[in-house]
file final12.txt (compact mmCIF, C-alpha atoms)
# COMPACT_ATOMS: atom_id res chain seq x y z
CA MET D 187 15.49 -4.24 -8.95
CA ARG D 188 16.10 -4.07 -12.67
CA ARG D 189 15.80 -0.28 -13.08
CA LYS D 190 18.30 1.03 -10.52
CA ASP D 191 17.75 4.55 -11.89
CA ARG D 192 14.20 4.43 -10.49
CA GLU D 193 15.07 2.94 -7.11
CA LEU D 194 14.01 4.94 -4.04
CA SER D 195 15.40 4.94 -0.51
CA TYR D 196 14.01 2.96 2.41
CA GLU D 197 12.57 6.18 3.87
CA GLU D 198 10.84 7.01 0.58
CA ALA D 199 9.42 3.47 0.47
CA LEU D 200 7.94 3.95 3.94
CA GLU D 201 6.46 7.29 2.84
CA ILE D 202 4.69 5.54 -0.04
CA LEU D 203 3.34 2.93 2.41
CA ASP D 204 2.15 5.69 4.72
CA ASN D 205 0.46 7.74 2.01
CA CYS D 206 -1.22 5.10 -0.12
CA GLU D 207 -5.01 4.97 -0.02
CA TYR D 208 -5.03 1.23 -0.50
CA ALA D 209 -2.67 -1.63 -1.21
CA VAL D 210 -2.88 -5.22 -2.36
CA ILE D 211 -1.63 -8.14 -0.30
CA SER D 212 -0.73 -11.49 -1.82
CA CYS D 213 0.29 -14.84 -0.43
CA ALA D 214 0.17 -18.48 -1.37
CA ASP D 215 -2.56 -20.59 0.23
CA GLU D 216 -2.24 -24.19 1.43
CA ASP D 217 -2.66 -25.49 -2.15
CA GLY D 218 -0.10 -23.10 -3.62
CA GLU D 219 -2.81 -20.92 -5.18
CA ILE D 220 -2.22 -17.18 -5.03
CA PHE D 221 -4.55 -15.24 -2.73
CA SER D 222 -4.65 -11.47 -3.38
CA VAL D 223 -6.94 -8.86 -1.93
CA PRO D 224 -7.03 -5.05 -1.76
CA ILE D 225 -6.71 -3.68 1.76
CA SER D 226 -6.51 -0.39 3.68
CA PRO D 227 -3.15 -0.38 5.49
CA VAL D 228 -1.60 1.77 8.16
CA ARG D 229 2.02 1.57 9.28
CA GLU D 230 3.48 2.00 12.73
CA GLY D 231 7.22 1.42 12.98
CA ASP D 232 8.08 -1.82 11.21
CA SER D 233 4.51 -3.11 11.34
CA ILE D 234 1.62 -2.67 8.93
CA PHE D 235 -1.88 -3.15 10.32
CA ILE D 236 -4.95 -4.21 8.40
CA HIS D 237 -8.36 -5.46 9.44
CA GLY D 238 -10.99 -7.85 8.15
CA ALA D 239 -13.86 -10.13 8.99
CA GLY D 240 -13.48 -13.08 11.29
CA ALA D 241 -14.08 -15.48 8.38
CA GLY D 242 -12.85 -15.72 4.78
CA GLY D 243 -9.52 -15.82 3.03
CA LYS D 244 -7.73 -13.27 5.21
CA ALA D 245 -8.93 -14.96 8.40
CA ARG D 246 -7.79 -18.35 7.11
CA LEU D 247 -4.40 -17.27 5.84
CA LEU D 248 -3.01 -14.25 7.69
CA LYS D 249 -1.50 -15.80 10.79
CA ASP D 250 1.40 -17.80 12.14
CA GLY D 251 4.05 -15.77 10.31
CA ARG D 252 2.80 -16.56 6.80
CA ALA D 253 4.83 -14.76 4.14
CA VAL D 254 2.73 -11.94 2.66
CA GLU D 255 3.72 -9.41 0.03
CA LEU D 256 2.14 -5.95 0.11
CA VAL D 257 2.14 -3.67 -2.95
CA CYS D 258 1.31 0.05 -2.80
CA VAL D 259 1.13 2.53 -5.67
CA SER D 260 0.78 6.26 -5.21
CA GLY D 261 0.96 9.26 -7.46
CA ASN D 262 -0.16 7.27 -10.48
CA ARG D 263 -0.76 9.65 -13.38
CA VAL D 264 -0.92 9.39 -17.14
CA PRO D 265 0.74 12.50 -18.59
CA LYS D 266 -1.20 14.71 -20.98
CA TRP D 267 1.49 15.70 -23.46
CA ASP D 268 1.51 19.03 -25.24
CA ALA D 269 0.97 18.42 -28.99
CA ASP D 270 4.17 20.28 -29.97
CA TYR D 271 6.24 18.25 -27.52
CA ALA D 272 4.70 15.00 -28.79
CA ASP D 273 5.48 16.04 -32.38
CA ALA D 274 9.08 16.83 -31.44
CA MET D 275 9.54 13.51 -29.62
CA THR D 276 8.16 11.64 -32.63
CA ALA D 277 10.50 13.52 -34.97
CA GLN D 278 13.43 12.48 -32.75
CA GLY D 279 12.40 8.83 -32.94
CA LYS D 280 11.20 8.82 -29.32
CA ALA D 281 7.44 8.41 -29.77
CA ALA D 282 7.42 5.30 -27.57
CA SER D 283 8.46 7.40 -24.56
CA LEU D 284 5.18 9.33 -24.83
CA PHE D 285 3.19 6.23 -23.86
CA THR D 286 4.05 5.99 -20.19
CA THR D 287 2.72 6.40 -16.68
CA GLU D 288 4.13 8.39 -13.80
CA PHE D 289 4.08 6.51 -10.48
CA LYS D 290 5.65 5.70 -7.14
CA SER D 291 5.39 2.15 -5.84
CA ALA D 292 6.57 0.18 -2.84
CA VAL D 293 6.70 -3.55 -2.21
CA ALA D 294 6.99 -4.87 1.34
CA LYS D 295 7.83 -8.46 2.15
CA THR D 296 6.19 -9.25 5.47
CA ALA D 297 5.19 -11.95 7.91
CA ALA D 298 1.51 -11.94 8.98
CA TYR D 299 0.20 -12.45 12.50
CA LEU D 300 -3.28 -12.31 13.96
CA VAL D 301 -3.52 -9.65 16.68
CA ALA D 302 -5.33 -11.41 19.52
CA GLU D 303 -5.16 -9.10 22.55
CA PRO D 304 -8.19 -6.75 22.68
CA ALA D 305 -6.09 -3.73 23.72
CA ASP D 306 -3.69 -4.30 20.81
CA LYS D 307 -6.60 -4.71 18.38
CA ILE D 308 -8.17 -1.46 19.60
CA ARG D 309 -4.84 0.42 19.26
CA ALA D 310 -4.39 -0.84 15.67
CA LEU D 311 -8.00 -0.08 14.75
CA LYS D 312 -7.59 3.40 16.20
CA ILE D 313 -4.56 4.24 14.06
CA LEU D 314 -6.34 2.78 11.01
CA SER D 315 -9.39 4.93 11.77
CA GLU D 316 -7.29 8.04 12.37
CA LYS D 317 -5.76 7.59 8.91
CA TYR D 318 -8.98 6.95 6.98
CA THR D 319 -11.77 8.63 8.99
CA PRO D 320 -10.21 11.28 11.27
CA GLN D 321 -13.24 13.55 11.00
CA ILE D 322 -15.51 11.13 12.92
CA MET D 323 -13.16 9.78 15.60
CA ARG D 324 -15.59 10.90 18.31
CA HIS D 325 -17.65 7.82 17.30
CA PHE D 326 -14.72 5.40 17.53
CA ASP D 327 -15.53 4.03 20.99
CA ALA D 328 -19.12 3.24 19.99
CA ALA D 329 -17.90 1.47 16.85
CA ILE D 330 -15.42 -0.60 18.88
CA GLU D 331 -18.19 -1.69 21.24
CA GLN D 332 -20.27 -2.87 18.27
CA SER D 333 -17.58 -4.56 16.19
CA LEU D 334 -14.48 -5.55 18.16
CA LYS D 335 -15.56 -9.16 18.65
CA ILE D 336 -16.30 -9.71 14.96
CA THR D 337 -13.29 -7.83 13.57
CA ASN D 338 -9.90 -9.39 13.04
CA VAL D 339 -6.74 -7.29 13.03
CA TYR D 340 -3.54 -8.46 11.39
CA GLU D 341 0.00 -7.27 11.90
CA LEU D 342 2.27 -7.58 8.89
CA LYS D 343 5.82 -7.35 10.22
CA ILE D 344 8.07 -5.81 7.60
CA LYS D 345 11.05 -7.97 6.62
CA SER D 346 12.13 -5.79 3.70
CA VAL D 347 10.75 -2.99 1.58
CA SER D 348 11.78 -1.61 -1.77
CA ALA D 349 10.39 1.20 -3.88
CA LYS D 350 10.74 2.79 -7.27
CA ALA D 351 9.33 5.75 -9.11
CA LYS D 352 9.00 7.23 -12.54
CA VAL D 353 8.55 10.96 -12.30
CA ILE D 354 7.97 13.00 -15.46
CA LYS D 355 10.10 16.13 -15.64
CA GLU D 356 8.13 19.35 -15.27
CA GLY D 357 7.22 21.28 -18.38
CA LYS D 358 6.90 18.22 -20.62
CA ALA D 359 3.42 17.18 -19.56
CA ARG D 360 0.36 18.90 -18.29

call {"tool": "encode", "arguments": {"input": "final12.txt", "output": "structure tokens"}}
result
Amino acid sequence: MRRKDRELSYEEALEILDNCEYAVISCADEDGEIFSVPISPVREGDSIFIHGAGAGGKARLLKDGRAVELVCVSGNRVPKWDADYADAMTAQGKAASLFTTEFKSAVAKTAAYLVAEPADKIRALKILSEKYTPQIMRHFDAAIEQSLKITNVYELKIKSVSAKAKVIKEGKAR
């Protein structure tokens, strides 16, 4: 990581993975072309679970330990600078620092596997559903009956994870 001053701990990286609303996965396909797609992840231990249709790019690529990179960003915010502060920064020759974004990001290097066992698929889909739709979990069993056979679940086993953040000091932005 180039900016060591922004580097976060392993635990903070996992927190970003846990709290992100969505992430993007990327991998190289058989022809060396980059495949990227936004996904809704959930983490359990050193595994990240995602789901998808039984056909398409994810179904074709996410198996057999294929190397997959997952990128999450949370807390992204463009600061709204106070005019007096912006004037002062410009007078100090620091106007460029006003044009920035506050963020936390994590990158996980993983190996992808298709989850084949029905009980394991249901467990992963349940923790995904509990993260994204906890208010309607009473309908989970009915949804599983309707969609388990046509839904793929993938386990992305974490090999490494890194994270960084840029946090704007309080009082400088609103």

call {"tool": "residues_around", "arguments": {"input": "final12.txt", "residues": "Leu247 in chain D", "least_positions_apart": "5", "cutoff": "9 Å", "atoms": "only C-alpha atoms", "output": "ChimeraX atom specification"}}
result
/D:213-216,221,242,252,298

call {"tool": "residues_around", "arguments": {"input": "final12.txt", "residues": "Tyr208 in chain D", "least_positions_apart": "2", "cutoff": "12 Å", "atoms": "all atoms listed in the file", "output": "number ranges by chain"}}
result
D: 202-206, 210-211, 223-228, 236, 256-260, 291-292, 314, 317-318

call {"tool": "closest_residue", "arguments": {"input": "final12.txt", "among": "D:His237, D:Lys312, D:Arg263, D:Lys280", "to": "Leu342 in chain D", "atoms": "all atoms listed in the file"}}
result
D:His237

call {"tool": "residues_near_point", "arguments": {"input": "final12.txt", "point": "(-6.1, -12.1, 20.3)", "cutoff": "12 Å", "atoms": "all atoms listed in the file", "output": "VMD selection string"}}
result
chain D and resid 240 249 299 to 308 334 to 341

call {"tool": "write_last_selection", "arguments": {"input": "final12.txt", "atoms": "C-alpha atoms", "output": "short mmCIF file (atom, residue, chain, number, x, y, z; two decimals), in the coordinates of the input"}}
result
data_model
loop_
_atom_site.label_atom_id
_atom_site.label_comp_id
_atom_site.auth_asym_id
_atom_site.auth_seq_id
_atom_site.Cartn_x
_atom_site.Cartn_y
_atom_site.Cartn_z
CA GLY D 240 -13.48 -13.08 11.29
CA LYS D 249 -1.50 -15.80 10.79
CA TYR D 299 0.20 -12.45 12.50
CA LEU D 300 -3.28 -12.31 13.96
CA VAL D 301 -3.52 -9.65 16.68
CA ALA D 302 -5.33 -11.41 19.52
CA GLU D 303 -5.16 -9.10 22.55
CA PRO D 304 -8.19 -6.75 22.68
CA ALA D 305 -6.09 -3.73 23.72
CA ASP D 306 -3.69 -4.30 20.81
CA LYS D 307 -6.60 -4.71 18.38
CA ILE D 308 -8.17 -1.46 19.60
CA LEU D 334 -14.48 -5.55 18.16
CA LYS D 335 -15.56 -9.16 18.65
CA ILE D 336 -16.30 -9.71 14.96
CA THR D 337 -13.29 -7.83 13.57
CA ASN D 338 -9.90 -9.39 13.04
CA VAL D 339 -6.74 -7.29 13.03
CA TYR D 340 -3.54 -8.46 11.39
CA GLU D 341 0.00 -7.27 11.90
#

call {"tool": "closest_residue", "arguments": {"input": "final12.txt", "among": "D:Leu194, D:Lys352, D:Leu311, D:Asp268", "to": "Ile330 in chain D", "atoms": "only C-alpha atoms"}}
result
D:Leu311
